[in-house]
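Trainee: Below is my_file00.txt; it holds compact mmCIF, C-alpha atoms.
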# COMPACT_ATOMS: atom_id res chain seq x y z
CA MET Z 1 174.59 -21.65 76.82
CA ALA Z 2 171.75 -19.19 77.30
CA ASP Z 3 168.38 -19.71 75.68
CA ARG Z 4 168.09 -16.11 74.54
CA LEU Z 5 170.26 -13.01 74.43
CA TRP Z 6 169.11 -9.40 74.01
CA THR Z 7 172.00 -7.28 72.82
CA ASN Z 8 172.70 -3.79 71.46
CA ALA Z 9 170.59 -2.43 74.31
CA ARG Z 10 170.85 0.22 77.00
CA LEU Z 11 169.92 -1.15 80.42
CA ALA Z 12 168.31 0.49 83.42
CA THR Z 13 168.99 -2.41 85.77
CA MET Z 14 167.66 -0.70 88.97
CA ALA Z 15 170.39 -2.62 90.82
CA GLY Z 16 172.14 -0.61 93.52
CA ALA Z 17 171.35 3.10 93.66
CA GLY Z 18 169.70 5.10 90.91
CA LEU Z 19 168.81 3.53 87.60
CA GLY Z 20 171.88 1.28 87.35
CA VAL Z 21 172.52 2.30 83.74
CA VAL Z 22 174.60 0.07 81.47
CA GLU Z 23 175.41 1.53 78.06
CA ASP Z 24 175.84 -1.02 75.25
CA GLY Z 25 174.36 -3.71 77.45
CA ALA Z 26 173.04 -7.22 77.05
CA ILE Z 27 170.73 -9.58 78.93
CA ALA Z 28 170.81 -13.36 78.72
CA CYS Z 29 168.30 -15.82 80.12
CA ALA Z 30 167.90 -19.56 80.53
CA GLY Z 31 164.77 -21.27 81.75
CA GLY Z 32 163.03 -17.94 82.19
CA VAL Z 33 165.71 -16.64 84.59
CA ILE Z 34 168.28 -13.92 83.92
CA THR Z 35 171.77 -15.41 83.70
CA TYR Z 36 173.61 -12.27 82.64
CA ALA Z 37 172.89 -8.53 82.71
CA GLY Z 38 175.73 -6.18 81.95
CA PRO Z 39 178.09 -4.92 79.26
CA ALA Z 40 177.63 -6.60 75.88
CA ALA Z 41 181.34 -7.46 75.75
CA GLY Z 42 180.88 -9.96 78.57
CA ALA Z 43 177.67 -11.59 77.34
CA PRO Z 44 177.51 -15.39 76.94
CA ALA Z 45 176.61 -17.28 73.80
CA ALA Z 46 172.93 -18.02 73.24
CA ARG Z 47 170.75 -20.13 71.00
CA GLU Z 48 168.84 -17.04 69.93
CA THR Z 49 170.06 -13.43 69.77
CA ILE Z 50 167.77 -10.41 69.54
CA ASP Z 51 169.23 -7.09 68.36
CA CYS Z 52 167.50 -4.33 70.34
CA ALA Z 53 168.77 -1.60 67.99
CA GLY Z 54 169.82 0.65 70.85
CA ARG Z 55 166.52 0.49 72.72
CA TRP Z 56 166.28 0.76 76.51
CA ILE Z 57 165.43 -2.22 78.69
CA THR Z 58 164.00 -1.91 82.19
CA PRO Z 59 162.67 -4.60 84.50
CA GLY Z 60 159.06 -5.47 83.76
CA LEU Z 61 156.91 -2.93 85.56
CA ILE Z 62 155.06 -3.84 88.77
CA ASP Z 63 151.68 -2.46 89.85
CA CYS Z 64 151.79 -3.25 93.56
CA HIS Z 65 148.39 -1.89 94.73
CA THR Z 66 145.18 -2.43 92.74
CA HIS Z 67 141.53 -3.27 93.26
CA LEU Z 68 141.18 -4.61 89.73
CA ILE Z 69 138.45 -7.16 90.48
CA HIS Z 70 135.05 -5.54 90.87
CA ALA Z 71 131.69 -5.15 89.15
CA GLY Z 72 129.95 -1.94 88.17
CA ASP Z 73 131.32 1.58 88.26
CA ARG Z 74 130.92 4.73 90.34
CA ALA Z 75 130.59 7.39 87.64
CA HIS Z 76 127.58 8.84 89.46
CA GLU Z 77 129.70 9.43 92.56
CA PHE Z 78 132.21 11.23 90.38
CA GLU Z 79 129.41 13.58 89.40
CA LEU Z 80 128.53 14.07 93.08
CA ARG Z 81 132.13 14.95 93.90
CA LEU Z 82 132.17 17.45 91.06
CA ALA Z 83 129.10 19.02 92.70
CA GLY Z 84 130.97 19.34 96.00
CA ALA Z 85 130.34 16.12 97.95
CA SER Z 86 133.34 14.66 99.79
CA TYR Z 87 134.53 11.05 99.66
CA GLU Z 88 133.50 10.60 103.30
CA GLU Z 89 130.02 12.12 102.74
CA ILE Z 90 129.38 9.78 99.82
CA ALA Z 91 130.55 6.76 101.82
CA ARG Z 92 128.37 7.61 104.82
CA ALA Z 93 125.34 8.01 102.52
CA GLY Z 94 125.65 4.41 101.31
CA GLY Z 95 127.93 5.03 98.35
CA GLY Z 96 131.62 4.35 98.10
CA ILE Z 97 132.89 0.86 98.79
CA VAL Z 98 129.46 -0.44 99.81
CA SER Z 99 128.04 0.62 96.44
CA THR Z 100 130.62 -1.49 94.63
CA MET Z 101 129.98 -4.29 97.13
CA ARG Z 102 126.40 -4.66 95.96
CA ALA Z 103 127.40 -4.99 92.31
CA THR Z 104 130.28 -7.32 93.09
CA ARG Z 105 128.22 -9.65 95.25
CA ALA Z 106 125.76 -10.02 92.38
CA ALA Z 107 128.45 -10.94 89.83
CA SER Z 108 129.66 -14.45 89.05
CA GLU Z 109 133.34 -15.36 88.98
CA GLU Z 110 133.20 -15.43 85.17
CA GLU Z 111 131.63 -11.97 85.09
CA LEU Z 112 134.28 -10.60 87.42
CA VAL Z 113 137.06 -12.00 85.24
CA ALA Z 114 135.48 -10.65 82.06
CA ALA Z 115 135.04 -7.18 83.58
CA ALA Z 116 138.64 -7.07 84.81
CA LEU Z 117 140.37 -8.28 81.64
CA PRO Z 118 140.20 -4.94 79.74
CA ARG Z 119 141.64 -3.18 82.78
CA LEU Z 120 144.42 -5.74 83.05
CA ASP Z 121 145.16 -5.63 79.33
CA ALA Z 122 145.64 -1.86 79.48
CA LEU Z 123 148.32 -2.32 82.15
CA LEU Z 124 150.06 -5.18 80.35
CA ALA Z 125 150.23 -3.01 77.21
CA GLU Z 126 152.38 -0.57 79.21
CA GLY Z 127 154.92 -3.16 80.31
CA VAL Z 128 153.42 -4.52 83.54
CA THR Z 129 154.54 -8.08 84.24
CA THR Z 130 153.45 -8.38 87.91
CA ILE Z 131 150.29 -7.02 89.49
CA GLU Z 132 148.78 -7.11 92.97
CA ILE Z 133 144.99 -7.50 93.18
CA LYS Z 134 142.97 -7.09 96.38
CA SER Z 135 139.59 -8.39 97.42
CA GLY Z 136 137.46 -6.12 99.60
CA TYR Z 137 134.28 -5.56 97.60
CA GLY Z 138 132.54 -8.75 98.70
CA LEU Z 139 132.59 -8.19 102.48
CA GLU Z 140 131.13 -11.63 103.15
CA PRO Z 141 132.83 -15.03 102.95
CA GLU Z 142 131.79 -16.36 99.55
CA SER Z 143 132.06 -13.07 97.69
CA GLU Z 144 135.52 -12.35 99.08
CA ALA Z 145 136.70 -15.82 98.08
CA ARG Z 146 135.09 -15.40 94.64
CA MET Z 147 137.04 -12.16 94.08
CA LEU Z 148 140.32 -13.84 94.95
CA ARG Z 149 139.56 -16.80 92.71
CA ALA Z 150 138.81 -14.39 89.89
CA ALA Z 151 142.14 -12.65 90.53
CA ARG Z 152 143.96 -15.98 90.35
CA ARG Z 153 142.10 -16.71 87.09
CA LEU Z 154 143.48 -13.51 85.56
CA GLY Z 155 146.98 -14.88 86.05
CA GLU Z 156 145.95 -18.03 84.21
CA THR Z 157 144.17 -16.19 81.40
CA ARG Z 158 147.00 -13.72 80.74
CA ASP Z 159 150.77 -14.10 80.97
CA VAL Z 160 151.21 -12.04 84.13
CA ALA Z 161 152.17 -12.77 87.73
CA VAL Z 162 149.26 -11.98 90.07
CA ALA Z 163 149.80 -11.38 93.79
CA THR Z 164 146.51 -11.64 95.67
CA THR Z 165 145.67 -9.75 98.86
CA PHE Z 166 142.75 -10.42 101.20
CA LEU Z 167 141.15 -7.09 102.13
CA GLY Z 168 138.07 -8.25 104.01
CA ALA Z 169 138.55 -5.34 106.45
CA HIS Z 170 137.85 -2.76 103.75
CA ALA Z 171 134.48 -1.41 104.85
CA LEU Z 172 131.61 -2.33 107.16
CA PRO Z 173 128.89 -4.21 105.26
CA PRO Z 174 125.24 -3.24 105.89
CA GLU Z 175 124.42 -6.44 107.73
CA TYR Z 176 126.94 -5.46 110.42
CA ALA Z 177 125.81 -1.83 110.72
CA GLY Z 178 126.69 -0.62 114.21
CA ASP Z 179 128.78 -3.73 114.96
CA PRO Z 180 132.26 -3.34 113.47
CA ASP Z 181 133.79 -5.61 116.10
CA GLY Z 182 131.38 -8.35 115.11
CA TYR Z 183 132.40 -7.99 111.48
CA ILE Z 184 136.10 -8.04 112.34
CA ALA Z 185 135.45 -11.27 114.25
CA GLU Z 186 133.98 -12.78 111.08
CA VAL Z 187 136.95 -11.57 109.03
CA CYS Z 188 139.44 -13.09 111.49
CA ASP Z 189 137.64 -16.26 112.55
CA GLU Z 190 135.76 -17.30 109.40
CA MET Z 191 136.87 -15.53 106.21
CA LEU Z 192 140.63 -15.55 106.70
CA PRO Z 193 140.94 -19.19 107.81
CA ALA Z 194 138.86 -20.37 104.83
CA ILE Z 195 140.83 -18.23 102.38
CA ALA Z 196 144.14 -19.41 103.85
CA ARG Z 197 143.08 -23.07 103.62
CA GLU Z 198 142.27 -22.60 99.94
CA GLY Z 199 145.54 -20.77 99.30
CA LEU Z 200 143.78 -17.77 97.80
CA ALA Z 201 145.77 -14.95 99.42
CA ASP Z 202 149.44 -14.01 99.37
CA ALA Z 203 148.97 -11.20 101.90
CA VAL Z 204 146.38 -9.51 104.14
CA ASP Z 205 145.40 -5.82 104.08
CA ALA Z 206 143.02 -3.55 106.00
CA PHE Z 207 141.65 0.01 105.78
CA CYS Z 208 142.64 1.78 108.99
CA GLU Z 209 140.63 4.98 108.86
CA GLY Z 210 137.74 6.85 110.46
CA ILE Z 211 135.38 5.47 107.80
CA GLY Z 212 137.15 2.12 107.92
CA PHE Z 213 138.49 0.33 111.00
CA THR Z 214 140.26 1.41 114.16
CA PRO Z 215 143.88 0.58 114.98
CA ALA Z 216 142.67 -1.96 117.57
CA GLN Z 217 140.46 -3.69 115.00
CA THR Z 218 143.29 -3.58 112.46
CA GLU Z 219 145.62 -5.20 114.97
CA ARG Z 220 143.16 -8.08 115.35
CA VAL Z 221 143.32 -8.64 111.60
CA PHE Z 222 147.12 -8.58 111.67
CA ALA Z 223 147.18 -11.10 114.51
CA ALA Z 224 144.89 -13.40 112.53
CA ALA Z 225 147.14 -13.08 109.48
CA ALA Z 226 150.15 -14.05 111.60
CA ARG Z 227 148.43 -17.28 112.61
CA PHE Z 228 148.51 -18.29 108.94
CA ALA Z 229 151.99 -16.88 108.27
CA LEU Z 230 150.57 -14.34 105.83
CA PRO Z 231 152.40 -11.01 105.48
CA VAL Z 232 150.42 -7.82 106.03
CA LYS Z 233 150.10 -4.37 104.48
CA LEU Z 234 147.84 -1.45 105.28
CA HIS Z 235 145.80 1.39 103.83
CA ALA Z 236 147.02 4.04 106.26
CA GLU Z 237 146.84 7.78 106.85
CA GLN Z 238 144.84 8.53 103.71
CA LEU Z 239 142.18 10.79 105.25
CA SER Z 240 143.48 11.27 108.79
CA ASN Z 241 146.31 10.18 111.05
CA LEU Z 242 145.35 7.15 113.13
CA HIS Z 243 149.01 6.10 113.36
CA GLY Z 244 148.28 3.10 111.17
CA ALA Z 245 151.67 3.20 109.46
CA ALA Z 246 153.48 2.82 112.78
CA LEU Z 247 151.12 -0.03 113.68
CA ALA Z 248 151.86 -1.68 110.35
CA ALA Z 249 155.59 -1.28 110.86
CA ARG Z 250 155.38 -2.88 114.31
CA HIS Z 251 153.87 -5.93 112.62
CA GLY Z 252 156.59 -6.02 109.97
CA ALA Z 253 154.23 -4.95 107.20
CA LEU Z 254 155.42 -5.15 103.61
CA SER Z 255 153.99 -1.69 102.95
CA ALA Z 256 151.83 1.12 104.22
CA ASP Z 257 149.88 2.78 101.42
CA HIS Z 258 148.48 6.28 100.67
CA LEU Z 259 150.14 8.12 103.63
CA GLU Z 260 149.02 11.70 102.96
CA HIS Z 261 148.63 12.27 106.72
CA LEU Z 262 151.72 10.33 107.81
CA ASP Z 263 153.61 11.97 110.69
CA ALA Z 264 157.27 11.91 111.75
CA ALA Z 265 156.74 9.02 114.15
CA GLY Z 266 155.19 6.96 111.37
CA VAL Z 267 158.09 7.73 109.04
CA ALA Z 268 160.60 6.69 111.70
CA ALA Z 269 158.74 3.46 112.41
CA MET Z 270 158.67 2.54 108.72
CA ALA Z 271 162.35 3.36 108.31
CA ALA Z 272 163.25 1.15 111.26
CA THR Z 273 161.53 -1.92 109.84
CA GLY Z 274 161.95 -1.42 106.09
CA THR Z 275 158.22 -1.08 105.48
CA VAL Z 276 157.72 0.36 101.99
CA ALA Z 277 155.78 3.60 101.47
CA THR Z 278 153.44 2.95 98.56
CA LEU Z 279 152.20 6.26 97.17
CA LEU Z 280 149.07 6.43 95.05
CA PRO Z 281 149.04 9.65 93.01
CA GLY Z 282 145.98 8.59 91.01
CA ALA Z 283 143.80 8.65 94.13
CA TYR Z 284 145.39 11.92 95.24
CA TYR Z 285 144.57 13.47 91.86
CA PHE Z 286 141.10 11.98 91.43
CA THR Z 287 139.82 12.97 94.87
CA ARG Z 288 141.43 16.42 94.52
CA GLU Z 289 143.41 15.90 97.72
CA THR Z 290 145.57 18.84 98.77
CA LYS Z 291 147.69 17.37 101.57
CA LEU Z 292 150.85 15.86 100.13
CA PRO Z 293 152.49 12.77 101.58
CA PRO Z 294 155.68 13.73 103.48
CA ILE Z 295 158.02 13.00 100.57
CA ALA Z 296 161.03 14.88 101.97
CA ALA Z 297 160.75 13.09 105.32
CA LEU Z 298 160.47 9.68 103.64
CA ARG Z 299 163.53 10.49 101.52
CA ALA Z 300 165.56 11.71 104.46
CA ALA Z 301 164.72 8.59 106.48
CA GLY Z 302 165.58 6.25 103.60
CA VAL Z 303 162.10 4.73 103.41
CA PRO Z 304 161.69 2.92 100.06
CA ILE Z 305 158.99 4.59 97.95
CA ALA Z 306 156.82 2.50 95.63
CA LEU Z 307 154.13 3.72 93.25
CA ALA Z 308 150.95 2.05 92.03
CA THR Z 309 147.73 2.81 90.16
CA ASP Z 310 145.36 1.95 93.04
CA SER Z 311 143.07 1.02 90.15
CA ASN Z 312 139.57 1.01 91.64
CA PRO Z 313 136.09 2.18 90.63
CA GLY Z 314 135.65 4.95 93.18
CA THR Z 315 138.78 6.96 93.85
CA SER Z 316 141.30 5.97 91.16
CA PRO Z 317 139.74 4.52 87.99
CA LEU Z 318 143.22 4.44 86.51
CA THR Z 319 144.72 1.75 84.31
CA SER Z 320 147.95 3.45 83.20
CA ILE Z 321 151.14 2.79 85.12
CA LEU Z 322 152.93 5.27 82.84
CA LEU Z 323 150.54 8.03 83.86
CA VAL Z 324 151.31 7.17 87.49
CA LEU Z 325 154.97 7.95 86.78
CA ASN Z 326 154.12 11.41 85.47
CA MET Z 327 151.68 12.10 88.30
CA ALA Z 328 154.28 11.10 90.89
CA ALA Z 329 156.80 13.50 89.39
CA THR Z 330 154.35 16.34 88.76
CA LEU Z 331 152.21 16.14 91.90
CA PHE Z 332 154.66 14.66 94.41
CA ARG Z 333 157.90 16.03 92.89
CA LEU Z 334 159.58 12.64 92.70
CA THR Z 335 162.70 12.51 90.55
CA VAL Z 336 162.89 10.35 87.42
CA ASP Z 337 165.01 7.82 89.31
CA GLU Z 338 162.58 7.70 92.23
CA ALA Z 339 159.57 7.29 89.97
CA LEU Z 340 161.07 4.45 87.94
CA ARG Z 341 162.39 2.67 91.02
CA GLY Z 342 158.87 3.05 92.44
CA VAL Z 343 157.38 0.73 89.80
CA THR Z 344 160.29 -1.73 89.74
CA VAL Z 345 162.62 -2.51 92.64
CA ASN Z 346 160.59 -0.81 95.39
CA ALA Z 347 157.29 -2.17 94.09
CA ALA Z 348 158.85 -5.63 94.27
CA ARG Z 349 159.74 -4.97 97.91
CA ALA Z 350 156.15 -3.88 98.58
CA LEU Z 351 155.02 -7.34 97.44
CA GLY Z 352 157.72 -9.23 99.30
CA ARG Z 353 159.19 -10.35 95.96
CA ALA Z 354 162.46 -8.43 95.83
CA GLY Z 355 164.35 -11.70 95.55
CA THR Z 356 162.79 -12.63 92.22
CA ILE Z 357 161.67 -9.47 90.37
CA GLY Z 358 162.23 -5.73 90.18
CA THR Z 359 165.83 -5.53 88.93
CA LEU Z 360 167.86 -6.83 85.98
CA GLU Z 361 170.22 -9.17 87.80
CA PRO Z 362 171.25 -12.81 87.45
CA GLY Z 363 168.89 -15.09 89.32
CA LYS Z 364 165.83 -12.85 88.87
CA HIS Z 365 162.92 -13.75 86.62
CA CYS Z 366 163.51 -12.57 83.07
CA ASP Z 367 160.68 -10.02 83.11
CA LEU Z 368 161.60 -7.14 80.81
CA ALA Z 369 160.10 -4.06 79.23
CA ILE Z 370 161.85 -2.91 76.06
CA TRP Z 371 161.22 0.73 75.15
CA ASP Z 372 161.46 2.93 72.06
CA ILE Z 373 162.95 5.86 73.97
CA ARG Z 374 166.18 7.84 73.91
CA ARG Z 375 166.42 8.28 77.69
CA PRO Z 376 164.52 6.88 80.71
CA ALA Z 377 163.10 10.32 81.57
CA GLU Z 378 160.73 9.93 78.59
CA LEU Z 379 158.79 7.29 80.54
CA VAL Z 380 158.06 9.86 83.24
CA TYR Z 381 157.81 12.97 81.07
CA ARG Z 382 155.29 11.93 78.43
CA ILE Z 383 151.52 11.92 78.99
CA GLY Z 384 149.18 9.68 77.00
CA PHE Z 385 152.00 8.12 74.99
CA ASN Z 386 153.11 4.50 75.21
CA PRO Z 387 156.60 3.77 73.85
CA LEU Z 388 156.63 0.08 74.77
CA HIS Z 389 158.30 -1.98 72.06
CA THR Z 390 158.18 -5.45 73.60
CA ARG Z 391 157.06 -6.98 76.87
CA ILE Z 392 158.98 -10.06 78.00
CA ARG Z 393 157.85 -12.35 80.80
CA ARG Z 394 159.93 -15.25 82.03
CA GLY Z 395 162.13 -14.91 78.96
CA LYS Z 396 159.31 -15.07 76.39
For this file, produce the structure as structure tokens.

Mentor:
Amino acid sequence: MADRLWTNARLATMAGAGLGVVEDGAIACAGGVITYAGPAAGAPAARETIDCAGRWITPGLIDCHTHLIHAGDRAHEFELRLAGASYEEIARAGGGIVSTMRATRAASEEELVAAALPRLDALLAEGVTTIEIKSGYGLEPESEARMLRAARRLGETRDVAVATTFLGAHALPPEYAGDPDGYIAEVCDEMLPAIAREGLADAVDAFCEGIGFTPAQTERVFAAAARFALPVKLHAEQLSNLHGAALAARHGALSADHLEHLDAAGVAAMAATGTVATLLPGAYYFTRETKLPPIAALRAAGVPIALATDSNPGTSPLTSILLVLNMAATLFRLTVDEALRGVTVNAARALGRAGTIGTLEPGKHCDLAIWDIRRPAELVYRIGFNPLHTRIRRGK
């Protein structure tokens, strides 16, 4: 017998192609795991039954790329961009990631957790049940570890699954000015081994870009991650094409993210290995980018497309996964099905968790979002409106 049964519901299971709609559906769970998802007529008995009154149920939403842990803000840089300064100009003048680094290094673990909680709560209120959180604003051993500990603490303070990613290769800290290879050596030989020993990271990321790190330096980080059996992902082709996505694919990366400057060879490489394309429309919008990611090419090649907030203080101060859905449709011309799959099944793939979350299927965690909507398109169509009725995690 199931512990709990949700019935009189319409399901968007995300299983198979499209939304996987089941009219007059039901979901049963036991021990926090889905035991049945399908037509109500076939549902098992349960100790507790919840009448959903015709509401829609989707998998709990997944924000698979965030920089939620940080101190301070970059509102002043926003003003500079409004006055005409570019992201690269601000970064080279000592702003950007290094600006947030200074504030983050000065913050305690408790202060980092306290600062991040309102951002996290905003996402949970919109149905997020799993979130990825990167380091990358410490850029020295203790601060990077402190960020990851704070991220783990968020998963203990709130009922949410937190996937942590070590992003030590995010920017060059001032103490290594003129010596990026020296800094990469510290990332690979000191930071990563210590973080792996403490079990603080679920994956490793890098920023492969002209204002970040070269493909050769990125490959050193990937090789170090492999020594600790940690999967990799990559910030790639955001500002230029350094062929980072193809590099990531060669290393079996979970995802390559941003991708505005992705070329045909990069698309083909990702398609061949199943590397997910994580698109970040909040950053595209906020930086007033004009070059679109190659959506049609990704579609044609069958590359899975995920979506995320990229929540960060400098280029995407966004804490609404629902707004991401609308931005993806409006700016990138994704369909309703593509947008919703981008924050469920494909986001799960981008975290290497497709076996446990992202669809409504037996054996998956019972992470649900129950919505007061008449059709799934409302989740993509509306702006500034949250129709979440109930958020369920692990059956509760």

Trainee: Looking at Z:Gly31, Z:Trp6, Z:Ala224, Z:Glu23, which one is nearest to Z:Glu48, with distances taken over all atoms listed in the file?

Mentor: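 For Z:Glu48, the nearest of the candidates is Z:Trp6.
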
Trainee: Z:Gly136, Z:Pro313, Z:Gly199, Z:Pro304: which is nearest Z:Gly212, counting all atoms listed in the file?

Mentor: Z:Gly136

Trainee: Got a sec: who's within 6 Å of stretch 67-82 of chain Z, counting only C-alpha atoms, leaving out chain neighbours fewer than 5 positions off, as a PyMOL selection string?

Mentor: chain Z and resi 103-104+116+133-134+311-314

Trainee: Would you write out, as JSON lines, a table of all residues in stretch 9-117 of chain Z that have an atom no more than 12 Å from an atom of stretch 375-378 of chain Z, listing for each the closest atom pair and the distance in Å to one decimal, considering all atoms listed in the file and ordering rows by chain and rising residue number?

Mentor:
{"residue": "Z:Ala9", "atom": "CA", "partner": "Z:Arg375", "partner_atom": "CA", "distance": 12.0}
{"residue": "Z:Arg10", "atom": "CA", "partner": "Z:Arg375", "partner_atom": "CA", "distance": 9.2}
{"residue": "Z:Leu11", "atom": "CA", "partner": "Z:Pro376", "partner_atom": "CA", "distance": 9.7}
{"residue": "Z:Ala12", "atom": "CA", "partner": "Z:Pro376", "partner_atom": "CA", "distance": 7.9}
{"residue": "Z:Thr13", "atom": "CA", "partner": "Z:Pro376", "partner_atom": "CA", "distance": 11.5}
{"residue": "Z:Met14", "atom": "CA", "partner": "Z:Pro376", "partner_atom": "CA", "distance": 11.6}
{"residue": "Z:Gly18", "atom": "CA", "partner": "Z:Pro376", "partner_atom": "CA", "distance": 11.6}
{"residue": "Z:Leu19", "atom": "CA", "partner": "Z:Pro376", "partner_atom": "CA", "distance": 8.8}
{"residue": "Z:Gly20", "atom": "CA", "partner": "Z:Pro376", "partner_atom": "CA", "distance": 11.4}
{"residue": "Z:Val21", "atom": "CA", "partner": "Z:Pro376", "partner_atom": "CA", "distance": 9.7}
{"residue": "Z:Glu23", "atom": "CA", "partner": "Z:Arg375", "partner_atom": "CA", "distance": 11.2}
{"residue": "Z:Gly54", "atom": "CA", "partner": "Z:Arg375", "partner_atom": "CA", "distance": 10.8}
{"residue": "Z:Arg55", "atom": "CA", "partner": "Z:Arg375", "partner_atom": "CA", "distance": 9.2}
{"residue": "Z:Trp56", "atom": "CA", "partner": "Z:Arg375", "partner_atom": "CA", "distance": 7.6}
{"residue": "Z:Ile57", "atom": "CA", "partner": "Z:Pro376", "partner_atom": "CA", "distance": 9.4}
{"residue": "Z:Thr58", "atom": "CA", "partner": "Z:Pro376", "partner_atom": "CA", "distance": 8.9}

Trainee: Taking only C-alpha atoms into account, name the residue in Z:His65, Z:Arg288, Z:His170, Z:Arg394 that is nearest to Z:Ala306.

Mentor: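 Looking only at the distances to Z:Ala306, the closest residue turns out to be Z:His65.
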
Trainee: Export C-alpha atoms of stretch 37-54 of chain Z from the structure just given, as a PDB file, in the first residue's frame?

Mentor:
ATOM      1  CA  ALA Z  37       2.174   7.709 -12.073  1.00  0.00           C
ATOM      2  CA  GLY Z  38      -0.554   7.277 -14.622  1.00  0.00           C
ATOM      3  CA  PRO Z  39      -4.311   7.085 -15.152  1.00  0.00           C
ATOM      4  CA  ALA Z  40      -6.343   7.331 -11.953  1.00  0.00           C
ATOM      5  CA  ALA Z  41      -8.184   4.107 -12.816  1.00  0.00           C
ATOM      6  CA  GLY Z  42      -5.003   2.109 -12.241  1.00  0.00           C
ATOM      7  CA  ALA Z  43      -3.872   3.804  -9.029  1.00  0.00           C
ATOM      8  CA  PRO Z  44      -3.097   1.689  -5.943  1.00  0.00           C
ATOM      9  CA  ALA Z  45      -4.654   2.054  -2.525  1.00  0.00           C
ATOM     10  CA  ALA Z  46      -2.969   4.462  -0.123  1.00  0.00           C
ATOM     11  CA  ARG Z  47      -3.059   5.390   3.525  1.00  0.00           C
ATOM     12  CA  GLU Z  48      -3.730   9.006   2.610  1.00  0.00           C
ATOM     13  CA  THR Z  49      -5.459  10.380  -0.499  1.00  0.00           C
ATOM     14  CA  ILE Z  50      -5.239  13.991  -1.644  1.00  0.00           C
ATOM     15  CA  ASP Z  51      -7.832  15.301  -4.105  1.00  0.00           C
ATOM     16  CA  CYS Z  52      -6.049  17.722  -6.448  1.00  0.00           C
ATOM     17  CA  ALA Z  53      -9.345  19.138  -7.783  1.00  0.00           C
ATOM     18  CA  GLY Z  54      -8.190  18.946 -11.384  1.00  0.00           C
TER      19      GLY Z  54
END
